[in-house]
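The structure appears right after this line, and notes come after that.
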Amino acid sequence: RVATSATPASATSGDVLILCVFVLVVVILCVMGYYCLKDQCQRQAKEHLHDLRTKRQAMVPVNALGLGPTTWTGHFVEDDGKKEPTSYSLMFDAVGRFNGMTTDEDGNAPLDGILSWAKNPGLGAIAWEERQAGWTVEVCGTISVASNNGAMACLEIVASYYSSTGVYGSMNLISPPVLLQILEAPDPVPKVPIAVAVPDPVPQVPIATAVPTSLQASPTLPGSVAPATQHVELQTMGGHCATSY
């Protein structure tokens with residue numbers, strides 16, 4: 001006779017229950033890990049958003065190349081590697097501030113920003129804020145001449161962006177040829193040479209050398225008689241002095 005052993009139904013159901021609990025715990029941990037990681041990424045993105053906003057607000061507007069209305073086409077790459085086309089229309093003023101519009105997969109959004117680009121450095125700084133219906137995007141990067149033919153040049157913007165929703169990425173934009181107007185600094189006020197008056201030399205007056213008193217001759221007045229002569233005359237007159245009236 002062949003003996004058969006049957007597995008208790010309670011043992012089988014218990015194993016299934018343990019397996020289900022294990023799978024459920026793994027799923028919960030994965031979900032919690034995903035949301036924790038997402039929350040951390042969003043928190044970091046908001047910090048970067050704040051940093052970019054602070055940097056933009058601290059920029060000094062400079063438009064030394066005289067940029068005016070420009071159009072831009074290119075793409076942006078999100079943090080997940082997704083590449084999307086985008087286009088911009090920017091209007092720069094003489095100071096270095098600008099406004100415009102962006103168009104991408106999310107639709108149209110107005111923007112305002114600051115350009116800081118002197119005529120000497122090869123790279124300029126550019127930053128702007130895009131205002132969507134329920135969130136904002138801060139963009140900050142560099143602007144440079146990609147290629148040029150004389151005063152006509154194609155410009156390039158390389159920037160990174162952070163959204164208030166936690167999305168971040170990078171973008172690259174190229175403009176068609178635009179005319180660069182080098183704004184020269186005003187000529188300095190000509191310096192007038194100052195004539196320095198040179199005083200005439202003082203004429204040198206010859207200085208008379210003083211003769212010692214002992215060597216000076218006493219002047220003899222007309223009609224006067226020297227002392228020796230008077231003494232002789234007194235002797236001749238017998239010691240009496242003659243007086244004339």
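Chain labels follow the order of the structure tokens: the first chain is A, the next B, and so on; residue numbering restarts at 1 in every chain, and ligands are counted from 1 in their shown order.
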Looking only at helix (DSSP H, G or I) from DSSP on the backbone, list the matching residues of stretch 12-195 of chain A as an MDAnalysis selection string.
chainID A and resid 12:58
Neighbouring residues of stretch 126-129 of chain A were defined as those with any atom within 9 Å, considering only C-alpha atoms; residues of the same chain fewer than 2 positions away were excluded. Please report them as a ChimeraX atom specification.
/A:52-53,55-56,59,98-99,110-117,124,131,136-143,157,159
Neighbour list for A:Val178 as a PyMOL selection string, cut-off 10 Å, only C-alpha atoms, skip fewer than 2 positions in-chain:
chain A and resi 67-71+148+151-155+175-176+180-181
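Between atom CA of A:Gly166 and atom CA of A:Arg43 there is a distance of 7.3 Å.
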Nearest to A:Ala94: which of A:Gly81, A:Gly74, A:Gly66, A:Gly107 is it, counting only C-alpha atoms?
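That would be A:Gly66, the residue with the smallest distance to A:Ala94.
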